[in-house]
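A.B. asks: So here's start.cif, just mmCIF, C-alpha atoms and all ligand atoms:
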```cif
data_my_file
loop_
_atom_site.label_atom_id
_atom_site.label_comp_id
_atom_site.auth_asym_id
_atom_site.auth_seq_id
_atom_site.Cartn_x
_atom_site.Cartn_y
_atom_site.Cartn_z
CA MET A 13 21.01 -13.90 0.87
CA HIS A 14 23.23 -11.45 -1.03
CA ILE A 15 21.20 -9.36 -3.44
CA THR A 16 23.22 -8.99 -6.62
CA GLN A 17 22.29 -6.30 -9.13
CA GLU A 18 20.61 -9.03 -11.17
CA LEU A 19 18.45 -10.17 -8.25
CA ASN A 20 17.75 -6.53 -7.40
CA GLU A 21 16.29 -6.00 -10.87
CA ARG A 22 14.26 -9.19 -10.54
CA LEU A 23 12.87 -7.94 -7.23
CA THR A 24 12.10 -4.37 -8.21
CA GLN A 25 10.92 -4.32 -11.85
CA THR A 26 7.18 -4.77 -12.33
CA GLY A 27 6.46 -3.78 -15.94
CA PRO A 28 4.60 -6.22 -18.25
CA GLY A 29 6.56 -9.41 -18.81
CA THR A 30 9.04 -8.94 -15.96
CA PRO A 31 9.20 -11.76 -13.36
CA MET A 32 7.96 -9.57 -10.49
CA GLY A 33 5.50 -7.82 -12.79
CA GLU A 34 3.94 -11.22 -13.46
CA VAL A 35 3.80 -11.87 -9.70
CA PHE A 36 1.94 -8.60 -9.04
CA ARG A 37 -0.43 -9.51 -11.85
CA ARG A 38 -1.64 -12.52 -9.83
CA TYR A 39 -3.14 -10.39 -7.02
CA TRP A 40 -5.96 -7.92 -6.66
CA MET A 41 -4.27 -4.56 -6.01
CA PRO A 42 -5.66 -1.07 -5.28
CA ALA A 43 -5.69 1.05 -8.45
CA LEU A 44 -7.18 4.22 -6.96
CA LEU A 45 -9.31 5.48 -4.09
CA SER A 46 -13.09 5.46 -4.36
CA GLU A 47 -13.04 9.23 -3.67
CA GLU A 48 -11.17 9.81 -6.94
CA VAL A 49 -14.19 8.61 -8.90
CA ALA A 50 -16.82 9.62 -6.38
CA GLU A 51 -19.66 10.49 -8.80
CA PRO A 52 -21.27 8.52 -11.63
CA ASP A 53 -20.39 10.24 -14.93
CA GLY A 54 -17.71 12.31 -13.14
CA ALA A 55 -14.33 13.22 -14.61
CA PRO A 56 -12.14 10.29 -15.71
CA VAL A 57 -8.89 9.78 -13.78
CA ARG A 58 -5.44 8.87 -15.06
CA VAL A 59 -4.08 5.68 -13.48
CA ARG A 60 -0.52 4.50 -14.05
CA MET A 61 0.11 1.14 -12.50
CA LEU A 62 2.78 -1.54 -13.00
CA SER A 63 4.14 0.72 -15.79
CA GLU A 64 0.82 0.59 -17.71
CA ASP A 65 -1.17 3.73 -18.55
CA LEU A 66 -4.87 3.40 -17.79
CA VAL A 67 -7.96 5.54 -17.26
CA ALA A 68 -10.60 4.99 -14.58
CA PHE A 69 -14.18 6.23 -14.74
CA ARG A 70 -17.41 5.59 -12.86
CA ASP A 71 -20.22 5.11 -15.34
CA SER A 72 -23.86 6.21 -15.08
CA ALA A 73 -24.76 2.98 -13.27
CA GLY A 74 -21.98 3.43 -10.67
CA GLU A 75 -19.73 0.72 -12.15
CA VAL A 76 -16.03 1.61 -12.22
CA GLY A 77 -14.19 0.93 -15.46
CA LEU A 78 -10.42 0.67 -15.67
CA VAL A 79 -9.36 0.71 -19.30
CA GLU A 80 -6.25 1.43 -21.31
CA ALA A 81 -5.43 5.10 -21.62
CA TYR A 82 -5.67 5.33 -25.42
CA CYS A 83 -8.55 5.06 -27.83
CA ALA A 84 -8.67 2.04 -30.15
CA HIS A 85 -9.16 4.26 -33.22
CA ARG A 86 -6.08 6.50 -33.45
CA ARG A 87 -4.81 6.31 -29.89
CA ALA A 88 -6.15 9.62 -28.63
CA PRO A 89 -6.05 10.02 -24.84
CA LEU A 90 -9.30 8.88 -23.25
CA PHE A 91 -8.51 11.04 -20.20
CA PHE A 92 -10.10 13.92 -22.13
CA GLY A 93 -13.13 11.76 -22.87
CA ARG A 94 -16.78 12.47 -22.09
CA ASN A 95 -18.08 10.15 -19.37
CA GLU A 96 -21.73 9.90 -20.36
CA GLU A 97 -24.62 7.42 -20.64
CA CYS A 98 -22.75 4.34 -19.47
CA GLY A 99 -19.51 4.80 -21.30
CA LEU A 100 -16.45 6.89 -21.96
CA ARG A 101 -16.57 8.71 -25.31
CA CYS A 102 -13.34 9.69 -27.04
CA VAL A 103 -13.47 13.37 -27.95
CA TYR A 104 -11.44 12.95 -31.15
CA HIS A 105 -14.06 11.17 -33.33
CA GLY A 106 -16.68 10.15 -30.79
CA TRP A 107 -16.04 6.42 -30.37
CA LYS A 108 -17.47 5.24 -27.08
CA PHE A 109 -16.34 2.42 -24.77
CA ASP A 110 -18.08 0.75 -21.84
CA THR A 111 -16.43 -0.37 -18.56
CA GLN A 112 -15.57 -3.72 -20.18
CA GLY A 113 -13.70 -1.95 -22.98
CA ASN A 114 -16.29 -2.80 -25.66
CA CYS A 115 -16.84 -0.20 -28.36
CA VAL A 116 -20.54 0.61 -27.98
CA ASP A 117 -20.83 3.50 -30.42
CA MET A 118 -18.87 4.56 -33.51
CA PRO A 119 -20.54 7.67 -34.90
CA SER A 120 -17.74 8.29 -37.42
CA GLU A 121 -18.78 5.15 -39.35
CA PRO A 122 -22.07 4.69 -41.25
CA PRO A 123 -24.97 3.33 -39.16
CA TYR A 124 -25.03 -0.02 -41.02
CA SER A 125 -21.34 -0.68 -40.21
CA LYS A 126 -20.56 -3.66 -38.01
CA PHE A 127 -16.98 -2.47 -37.55
CA ARG A 128 -17.49 -1.48 -33.90
CA LEU A 129 -18.21 -5.09 -32.94
CA ARG A 130 -14.64 -5.98 -33.81
CA VAL A 131 -13.11 -3.12 -31.81
CA ALA A 132 -12.31 -3.04 -28.10
CA ILE A 133 -9.78 -1.55 -25.73
CA LYS A 134 -8.03 -3.40 -22.93
CA SER A 135 -9.96 -3.33 -19.67
CA TYR A 136 -9.30 -4.76 -16.24
CA PRO A 137 -11.94 -6.00 -13.77
CA THR A 138 -12.60 -3.82 -10.72
CA TYR A 139 -13.81 -4.49 -7.20
CA GLU A 140 -14.69 -1.75 -4.74
CA ALA A 141 -14.01 -2.26 -1.01
CA GLY A 142 -12.43 -0.41 1.91
CA GLY A 143 -12.56 2.96 0.13
CA MET A 144 -10.47 1.63 -2.74
CA ILE A 145 -11.01 0.40 -6.28
CA TRP A 146 -9.10 -2.84 -6.68
CA THR A 147 -8.09 -4.43 -9.92
CA TYR A 148 -6.65 -7.65 -11.21
CA MET A 149 -4.28 -7.29 -14.17
CA GLY A 150 -3.30 -10.92 -14.75
CA PRO A 151 -4.56 -13.82 -16.87
CA THR A 152 -8.32 -14.35 -16.48
CA ALA A 153 -7.92 -18.07 -15.84
CA GLU A 154 -5.71 -17.36 -12.80
CA MET A 155 -7.94 -14.69 -11.22
CA PRO A 156 -8.29 -15.29 -7.46
CA PRO A 157 -11.42 -14.38 -5.45
CA PRO A 158 -11.54 -10.70 -4.42
CA PRO A 159 -9.49 -9.59 -1.38
CA ASN A 160 -10.83 -10.34 2.10
CA TYR A 161 -8.55 -8.73 4.67
CA GLU A 162 -10.15 -8.06 8.04
CA TRP A 163 -9.93 -4.32 7.42
CA LEU A 164 -12.18 -4.72 4.38
CA ARG A 165 -14.87 -6.24 6.59
CA ALA A 166 -14.87 -3.54 9.28
CA PRO A 167 -18.01 -1.34 9.09
CA ALA A 168 -17.50 1.94 7.20
CA ALA A 169 -17.67 4.02 10.40
CA HIS A 170 -14.70 2.06 11.76
CA GLN A 171 -12.45 2.18 8.71
CA ARG A 172 -10.58 4.81 6.66
CA ALA A 173 -8.17 4.91 3.75
CA SER A 174 -5.87 7.36 2.02
CA LYS A 175 -2.98 7.30 -0.42
CA THR A 176 0.37 9.01 -0.87
CA GLY A 177 2.70 9.14 -3.86
CA GLU A 178 6.26 8.09 -3.16
CA HIS A 179 9.22 8.94 -5.39
CA CYS A 180 10.97 5.58 -5.26
CA ASN A 181 10.61 1.91 -6.09
CA TRP A 182 7.80 0.09 -4.26
CA LEU A 183 10.14 -2.35 -2.51
CA GLN A 184 11.99 0.41 -0.65
CA GLY A 185 8.67 1.48 0.83
CA LEU A 186 7.62 -2.05 1.74
CA GLU A 187 10.98 -2.76 3.36
CA GLY A 188 10.58 0.39 5.46
CA GLY A 189 7.14 -0.85 6.48
CA ILE A 190 8.40 -4.16 7.80
CA ASP A 191 11.49 -2.66 9.46
CA THR A 192 10.39 -2.18 13.06
CA ALA A 193 13.84 -1.13 14.31
CA HIS A 194 13.82 2.29 12.65
CA SER A 195 10.87 3.48 14.72
CA SER A 196 13.17 3.79 17.76
CA PHE A 197 15.22 6.31 15.79
CA ALA A 198 13.56 7.93 12.79
CA HIS A 199 10.21 8.31 14.55
CA ASN A 200 11.51 9.52 17.91
CA ASN A 201 9.70 12.85 17.99
CA ASP A 202 10.49 13.68 21.61
CA LEU A 203 14.14 13.34 22.55
CA SER A 204 13.34 14.36 26.14
CA ASN A 205 10.91 11.45 26.73
CA LYS A 206 12.93 8.61 28.21
CA ASN A 207 9.87 6.38 28.75
CA MET A 208 8.97 5.63 25.17
CA LEU A 209 8.61 1.88 24.75
CA ARG A 210 10.59 1.95 21.53
CA SER A 211 13.47 3.94 23.02
CA LEU A 212 13.89 1.75 26.08
CA ASP A 213 15.32 -0.96 23.84
CA THR A 214 16.69 0.06 20.46
CA HIS A 215 17.74 -3.41 19.31
CA PRO A 216 14.58 -5.53 19.23
CA THR A 217 14.82 -9.26 18.64
CA LEU A 218 12.90 -10.27 15.51
CA GLU A 219 11.30 -13.69 15.17
CA VAL A 220 9.77 -14.42 11.79
CA ASP A 221 7.12 -17.14 11.26
CA LEU A 222 6.45 -17.92 7.60
CA THR A 223 2.78 -18.47 6.71
CA ASP A 224 0.66 -19.35 3.67
CA TYR A 225 0.00 -15.67 2.94
CA GLY A 226 3.40 -14.14 3.77
CA PHE A 227 4.71 -14.01 7.30
CA THR A 228 4.06 -12.73 10.75
CA TYR A 229 6.85 -11.56 12.99
CA GLY A 230 7.29 -10.60 16.59
CA SER A 231 9.62 -7.77 17.51
CA ILE A 232 10.51 -8.14 21.17
CA ARG A 233 11.91 -5.23 23.16
CA ASN A 234 13.16 -5.64 26.73
CA ILE A 235 11.73 -2.56 28.41
CA SER A 236 12.45 -3.40 32.07
CA ASP A 237 13.85 -6.16 34.26
CA ASP A 238 10.54 -7.99 34.15
CA GLN A 239 8.67 -6.77 31.05
CA SER A 240 8.87 -7.09 27.28
CA PHE A 241 7.11 -5.00 24.65
CA VAL A 242 5.99 -7.19 21.76
CA ARG A 243 4.80 -5.89 18.40
CA VAL A 244 3.40 -8.47 16.02
CA TYR A 245 3.50 -7.44 12.37
CA GLN A 246 1.77 -9.05 9.42
CA PHE A 247 3.18 -9.17 5.93
CA TYR A 248 0.70 -10.10 3.23
CA MET A 249 2.16 -10.96 -0.15
CA PRO A 250 3.16 -9.21 -2.27
CA SER A 251 3.37 -5.71 -0.75
CA GLN A 252 1.13 -5.15 2.26
CA GLN A 253 2.17 -4.59 5.85
CA ALA A 254 0.02 -4.32 8.99
CA ARG A 255 0.71 -3.41 12.61
CA ALA A 256 -1.26 -2.27 15.63
CA PHE A 257 -1.60 0.94 17.60
CA LEU A 258 -3.23 -0.51 20.70
CA LEU A 259 -0.84 1.28 23.09
CA ASN A 260 0.45 4.82 23.05
CA TRP A 261 4.16 5.67 22.94
CA ASN A 262 4.48 5.27 26.71
CA GLY A 263 2.64 1.96 26.83
CA GLU A 264 -0.75 3.14 28.08
CA LYS A 265 -3.92 2.01 26.33
CA ASN A 266 -4.55 4.04 23.21
CA LYS A 267 -7.65 6.24 23.14
CA LEU A 268 -8.38 4.92 19.67
CA PRO A 269 -7.05 1.35 19.55
CA SER A 270 -6.52 0.74 15.87
CA LEU A 271 -4.84 -1.50 13.34
CA ASP A 272 -3.01 0.15 10.48
CA GLY A 273 -1.32 -0.85 7.30
CA HIS A 274 -0.03 0.09 3.90
CA ILE A 275 -0.03 -1.44 0.46
CA TRP A 276 2.73 -0.32 -1.89
CA VAL A 277 1.54 -0.35 -5.49
CA PRO A 278 4.10 0.32 -8.22
CA ILE A 279 3.29 3.21 -10.55
CA ASP A 280 6.41 2.26 -12.47
CA ASP A 281 9.83 1.10 -11.30
CA GLU A 282 10.77 4.48 -9.82
CA ASN A 283 7.50 5.61 -8.23
CA CYS A 284 4.71 4.05 -6.24
CA TYR A 285 1.49 4.89 -4.46
CA VAL A 286 1.19 3.90 -0.83
CA TYR A 287 -2.39 3.00 0.09
CA ASN A 288 -2.84 3.65 3.81
CA TRP A 289 -5.64 2.04 5.78
CA LYS A 290 -6.79 2.12 9.36
CA TYR A 291 -9.60 0.43 11.29
CA THR A 292 -10.53 0.20 14.92
CA ALA A 293 -9.70 -2.95 16.82
CA ASP A 294 -13.23 -3.40 18.21
CA ASP A 295 -16.73 -1.99 17.96
CA THR A 296 -16.40 0.39 20.92
CA HIS A 297 -14.76 3.10 18.80
CA GLU A 298 -15.76 4.66 15.52
CA ILE A 299 -13.22 6.77 13.65
CA SER A 300 -14.59 10.31 13.52
CA ASP A 301 -13.60 12.77 10.79
CA GLU A 302 -11.58 14.61 13.42
CA ASP A 303 -9.76 11.45 14.61
CA TRP A 304 -8.88 10.64 11.05
CA HIS A 305 -7.71 14.12 10.20
CA ASP A 306 -5.59 14.36 13.37
CA PHE A 307 -3.94 11.05 12.61
CA GLU A 308 -3.30 11.83 8.96
CA HIS A 309 -1.83 15.24 9.79
CA PHE A 310 0.38 13.68 12.49
CA THR A 311 1.77 11.34 9.86
CA GLY A 312 2.21 14.28 7.48
CA ARG A 313 -0.26 13.21 4.79
CA ALA A 314 -3.52 15.06 5.50
CA PRO A 315 -5.01 16.90 2.50
CA GLU A 316 -3.27 20.16 3.53
CA ASP A 317 0.08 18.34 3.52
CA MET A 318 -0.33 17.49 -0.17
CA ILE A 319 0.38 19.53 -3.28
CA PRO A 320 -3.18 20.71 -4.09
CA GLY A 321 -5.07 18.44 -6.43
CA THR A 322 -2.54 15.61 -6.03
CA TYR A 323 -1.60 12.85 -3.62
CA TRP A 324 2.04 14.03 -3.49
CA LEU A 325 3.51 15.62 -0.38
CA ARG A 326 4.54 19.28 -0.10
CA GLN A 327 7.63 18.07 1.77
CA HIS A 328 9.63 16.31 -0.92
CA PRO A 329 13.18 15.66 -2.17
CA GLY A 330 13.31 19.07 -3.88
CA ASN A 331 13.00 20.96 -0.58
CA ASP A 332 14.77 18.42 1.65
CA TYR A 333 11.41 17.66 3.29
CA LEU A 334 11.70 21.08 5.05
CA ILE A 335 14.15 19.62 7.55
CA ASP A 336 14.73 21.96 10.51
CA ARG A 337 18.24 21.44 11.89
CA GLU A 338 17.45 23.31 15.12
CA VAL A 339 14.50 20.99 15.79
CA GLN A 340 16.79 18.08 14.99
CA ARG A 341 19.38 19.33 17.50
CA THR A 342 16.92 19.91 20.33
CA LYS A 343 13.59 18.12 19.85
CA THR A 344 13.28 15.26 17.37
CA PHE A 345 15.66 12.68 15.94
CA THR A 346 15.24 13.72 12.29
CA GLY A 347 14.14 17.36 12.38
CA ILE A 348 11.55 16.43 9.76
CA SER A 349 7.88 16.80 10.66
CA GLY A 350 5.35 14.04 9.92
CA LEU A 351 5.95 10.36 10.65
CA ASN A 352 5.22 9.35 7.09
CA THR A 353 7.41 12.16 5.76
CA GLN A 354 10.32 10.89 7.86
CA ASP A 355 9.98 7.52 6.16
CA PHE A 356 9.82 9.12 2.72
CA ALA A 357 12.96 11.21 3.31
CA LEU A 358 14.90 8.06 4.12
CA GLN A 359 13.36 5.76 1.51
CA GLU A 360 13.33 8.23 -1.38
CA GLY A 361 16.76 9.54 -0.43
CA MET A 362 18.26 6.07 -1.10
CA GLY A 363 17.75 6.77 -4.82
CA SER A 364 14.97 5.57 -7.11
CA ILE A 365 16.10 1.96 -6.82
CA VAL A 366 18.48 1.36 -3.94
CA ARG A 367 21.72 -0.56 -4.58
CA ARG A 368 20.98 -3.60 -2.43
CA ASP A 369 24.31 -5.15 -3.44
CA LEU A 370 26.03 -2.45 -1.36
CA GLU A 371 24.08 -3.00 1.88
CA ALA A 372 25.32 -4.40 5.20
CA LEU A 373 22.28 -6.02 6.84
CA GLY A 374 22.18 -6.74 10.58
CA SER A 375 20.08 -8.70 13.06
CA THR A 376 17.10 -6.33 12.90
CA ASP A 377 16.83 -6.85 9.12
CA ARG A 378 15.56 -10.42 9.40
CA ALA A 379 12.03 -9.58 8.30
CA ILE A 380 13.31 -7.65 5.28
CA GLN A 381 15.39 -10.64 4.26
CA ALA A 382 12.43 -12.98 4.70
CA ALA A 383 10.30 -10.75 2.45
CA ARG A 384 12.93 -10.70 -0.31
CA GLU A 385 13.29 -14.47 -0.21
CA MET A 386 9.54 -14.94 -0.35
CA LEU A 387 9.16 -12.49 -3.24
CA LEU A 388 11.90 -14.25 -5.21
CA GLU A 389 10.20 -17.57 -4.47
CA ALA A 390 6.99 -16.09 -5.88
CA THR A 391 8.73 -15.22 -9.15
CA ALA A 392 9.83 -18.86 -9.42
CA ASP A 393 6.31 -20.06 -8.57
CA VAL A 394 4.72 -17.96 -11.30
CA GLU A 395 7.36 -18.98 -13.83
CA ALA A 396 6.59 -22.63 -13.00
CA GLY A 397 2.84 -22.05 -13.45
CA ARG A 398 2.03 -22.19 -9.73
CA ALA A 399 -0.04 -19.63 -7.79
CA PRO A 400 2.19 -17.51 -5.55
CA LYS A 401 1.56 -17.30 -1.79
CA GLY A 402 -1.14 -14.95 -0.55
CA THR A 403 -3.54 -15.07 -3.47
CA ASP A 404 -6.04 -17.27 -1.59
CA PRO A 405 -8.08 -15.01 0.75
CA THR A 406 -8.99 -17.87 3.10
CA LYS A 407 -5.34 -18.02 4.19
CA TYR A 408 -5.20 -14.46 5.54
CA ALA A 409 -8.83 -13.55 6.22
CA HIS A 410 -8.57 -14.23 9.95
CA VAL A 411 -5.23 -12.78 10.97
CA ARG A 412 -4.46 -9.31 12.32
CA PRO A 413 -1.48 -7.57 13.90
CA GLY A 414 -1.13 -6.68 17.59
CA GLU A 415 1.04 -5.20 20.32
CA ILE A 416 1.23 -5.93 24.01
CA VAL A 417 3.44 -5.59 27.09
CA ILE A 418 4.03 -9.01 28.68
CA PRO A 419 5.96 -10.41 31.63
CA LYS A 420 9.43 -11.51 30.66
CA GLY A 421 9.83 -15.23 30.15
CA VAL A 422 6.28 -15.73 28.81
CA PRO A 423 6.51 -16.99 25.19
CA TRP A 424 5.25 -14.14 22.99
CA ARG A 425 3.40 -16.44 20.60
CA ASP A 426 1.19 -17.70 23.47
CA ALA A 427 0.81 -14.27 25.03
CA THR A 428 -0.40 -12.65 21.80
CA LYS A 429 -2.82 -15.36 20.61
CA GLU A 430 -5.91 -13.63 21.92
CA ILE A 431 -5.14 -10.14 20.61
CA LEU A 432 -4.39 -11.57 17.16
CA GLU A 433 -7.89 -13.01 16.75
CA THR A 434 -10.05 -11.18 14.24
CA VAL A 435 -13.16 -9.36 15.46
CA TRP A 436 -14.77 -8.15 12.22
S1 LIG B 501 -9.03 8.56 -31.77
FE1 LIG B 501 -10.71 8.13 -30.52
S2 LIG B 501 -12.41 8.25 -31.81
FE2 LIG B 501 -10.73 8.65 -33.10
FE FE B 502 8.45 4.41 9.53
#
```
Written as structure tokens, how would this file's structure read?
Ligand code: FES
Ligand SMILES: [Fe+2]

C.D. replies:
Amino acid sequence: MHITQELNERLTQTGPGTPMGEVFRRYWMPALLSEEVAEPDGAPVRVRMLSEDLVAFRDSAGEVGLVEAYCAHRRAPLFFGRNEECGLRCVYHGWKFDTQGNCVDMPSEPPYSKFRLRVAIKSYPTYEAGGMIWTYMGPTAEMPPPPNYEWLRAPAAHQRASKTGEHCNWLQGLEGGIDTAHSSFAHNNDLSNKNMLRSLDTHPTLEVDLTDYGFTYGSIRNISDDQSFVRVYQFYMPSQQARAFLLNWNGEKNKLPSLDGHIWVPIDDENCYVYNWKYTADDTHEISDEDWHDFEHFTGRAPEDMIPGTYWLRQHPGNDYLIDREVQRTKTFTGISGLNTQDFALQEGMGSIVRRDLEALGSTDRAIQAAREMLLEATADVEAGRAPKGTDPTKYAHVRPGEIVIPKGVPWRDATKEILETVW
């Protein structure tokens, strides 16, 4: 499918009232991490999501509110508000709002006034799971049950989450996430290692199977005369990707066999937050603080890799991601440190919203094309009053990604059945 500029806008814009914006507003999406509102009555947090400005706060009872950013009275910013006694109090004239957006106190009006009963601010429901606060920003009548991915069911000691700001449209990030071919190139961090599974075959065959929640696809690499390396990815509508790290780069069993994924959540059309999650594939391994830190630093997004007090990377477009041309010449394919940072350099460097009408897609872009078609189908579904794919948790609750080395000639769908069964 050729993506004209018109289709590109339809795919990428997610503000209120846009076709894709209405699609995103049919799903529960992460709005922030639990750690951002760790304490009851702690400081409120600014949230910008799908081009809407909001404020999150955890009230005295531990409930998380996600409300519009401006006070109902004269639109003062509630970010400066006092989070106290089960509500967020505007510091301009003292009006106070609960997590549902109701005005519960209006000290600037006389005590007999009933005015406050007619005043409210917009609020969105929240659901806390997997280290994230999720929200649903669509019509109440269409609200699906809360999310139920396998990673949300893994015990806390087996699961971690983080987030990273990305200076480009959400779809560029998602498309990078479901593009397995680039890992043979962009993520080759050891040019001298000729045994890396992904370098032995740099043109994987992609086979996409559409499902009720999105799609699953196998990327098959011929790594020797008698063996294939198969990675099975999951794409959950509208913007989540999952894959496995069961093997290390040379094909040996990983010390910490894990399943990993990302959800790209639009901040606005030119920025997004990537929610990163990880959980262990079985109950024999917990993820220690050290494991998690090592992994996050390897990807380039540990706390010390961020601009302090933010979720934005120190390596960014303004400093060319600290590319080292000597390292690029002698050691790694990109010369940029951090796996995640390598992705950002390429995705952000395309421009805020890439010109898809100018692309030349090849055989390894099949999954990307399938995602675009499915997303466009979802805009048509919502416009016709139908629920888009992937809103029903029962459809995806029992699938997971995987990777395996198999004898050549064995059909990959049969060979991966067992490793794709959920454990949690
Ligand atoms: S603007 Fe918030 S109380 Fe007046
Ligand atoms: Fe990547």

A.B. asks: For stretch 296-304 of chain A, work out the shell of residues within 7 Å, counting all atoms listed in the file and skipping chain neighbours fewer than 2 positions away, then give it as a ChimeraX atom specification.

C.D. replies: /A:169-171,268,292,294,306-308

A.B. asks: Can you work out the spacing between atom CA of A:Phe247 and atom CA of A:Ser270 in Å, to one decimal?

C.D. replies: 17.1 Å

A.B. asks: Do you know which residues are within 8 Å of ligand LIG 501 (chain B) using all atoms listed in the file? Can you write them as a list of chain:residue names?

C.D. replies: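 Selection of residues at most 8 Å from ligand LIG 501 (chain B): A:Tyr82, A:Cys83, A:Ala84, A:His85, A:Arg86, A:Arg87, A:Ala88, A:Pro89, A:Leu90, A:Arg101, A:Cys102, A:Val103, A:Tyr104, A:His105, A:Gly106, A:Trp107, A:Lys108, A:Met118, A:Ser120.
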
A.B. asks: Compute the set of protein, DNA and RNA residues whose minimum atom distance to ligand FE 502 (chain B) is at most 9 Å, using all atoms listed in the file, and state it as a VMD selection string.

C.D. replies: chain A and resid 188 to 192 194 to 195 198 to 199 351 to 356

A.B. asks: Pick from A:Tyr229, A:Tyr333, A:Phe109, A:Trp163: nearest to A:Trp289, with only C-alpha atoms counted?

C.D. replies: A:Trp163

A.B. asks: When distances are computed from only C-alpha atoms, which of A:Met41, A:Glu140, A:Glu64, A:Glu162 shows the smallest separation from A:Gln252?

C.D. replies: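 Between A:Met41, A:Glu140, A:Glu64, A:Glu162, the residue approaching A:Gln252 most closely is A:Met41.
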
A.B. asks: Show which residues sit within 10 Å of stretch 238-245 of chain A, as a ChimeraX atom specification. Count all atoms listed in the file, and ignore same-chain residues fewer than 6 positions away.

C.D. replies: /A:189-192,209-210,212-213,216-220,227-232,253-258,263,273,379,412-422,424-425,427-428,431-432

A.B. asks: Could you give me, as a short mmCIF file (atom, residue, chain, number, x, y, z; two decimals) with C-alpha atoms, in the frame of the given file, the residues that have an atom at most 12 Å away from the point (17.7, 8.7, -0.6) in the coordinates of the file, using all atoms listed in the file?

C.D. replies:
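File point.cif, as written:
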```cif
data_model
loop_
_atom_site.label_atom_id
_atom_site.label_comp_id
_atom_site.auth_asym_id
_atom_site.auth_seq_id
_atom_site.Cartn_x
_atom_site.Cartn_y
_atom_site.Cartn_z
CA GLU A 178 6.26 8.09 -3.16
CA HIS A 179 9.22 8.94 -5.39
CA CYS A 180 10.97 5.58 -5.26
CA ASN A 181 10.61 1.91 -6.09
CA GLN A 184 11.99 0.41 -0.65
CA GLY A 185 8.67 1.48 0.83
CA HIS A 328 9.63 16.31 -0.92
CA PRO A 329 13.18 15.66 -2.17
CA GLY A 330 13.31 19.07 -3.88
CA ASP A 332 14.77 18.42 1.65
CA TYR A 333 11.41 17.66 3.29
CA GLN A 354 10.32 10.89 7.86
CA ASP A 355 9.98 7.52 6.16
CA PHE A 356 9.82 9.12 2.72
CA ALA A 357 12.96 11.21 3.31
CA LEU A 358 14.90 8.06 4.12
CA GLN A 359 13.36 5.76 1.51
CA GLU A 360 13.33 8.23 -1.38
CA GLY A 361 16.76 9.54 -0.43
CA MET A 362 18.26 6.07 -1.10
CA GLY A 363 17.75 6.77 -4.82
CA SER A 364 14.97 5.57 -7.11
CA ILE A 365 16.10 1.96 -6.82
CA VAL A 366 18.48 1.36 -3.94
CA ARG A 367 21.72 -0.56 -4.58
#
```

A.B. asks: Have a look at A:Val116, A:Arg22, A:Met144, A:Lys206 and name the one nearest to A:Tyr287; count all atoms listed in the file.

C.D. replies: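 With all atoms listed in the file as the atom set, the closest residue is A:Met144.
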
A.B. asks: Find the residues around A:Glu154 up to 10 Å (all atoms listed in the file counted), leave out those fewer than 6 positions away in its own chain, and share them as a ChimeraX atom specification.

C.D. replies: /A:37-39,148,397-399,403

A.B. asks: Of the candidates A:Ala81, A:Leu388, A:Tyr139, A:His215, which shows the shortest atom-to-atom distance to A:Pro157, using only C-alpha atoms?

C.D. replies: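 Checking each of A:Ala81, A:Leu388, A:Tyr139, A:His215 against A:Pro157, counting only C-alpha atoms, the winner is A:Tyr139.
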
A.B. asks: Could you please determine the separation between atom CA of A:Arg326 and atom CA of A:Gly347 in Å, to one decimal place?

C.D. replies: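 For atom CA of A:Arg326 relative to atom CA of A:Gly347, the distance reads 15.9 Å.
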
A.B. asks: Write out as number ranges by chain each polymer residue whose atoms come within 9 Å of stretch 315-322 of chain A, counting only C-alpha atoms; drop sequence neighbours fewer than 3 positions from it.

C.D. replies: A: 176-177, 305, 308-309, 312, 325-327
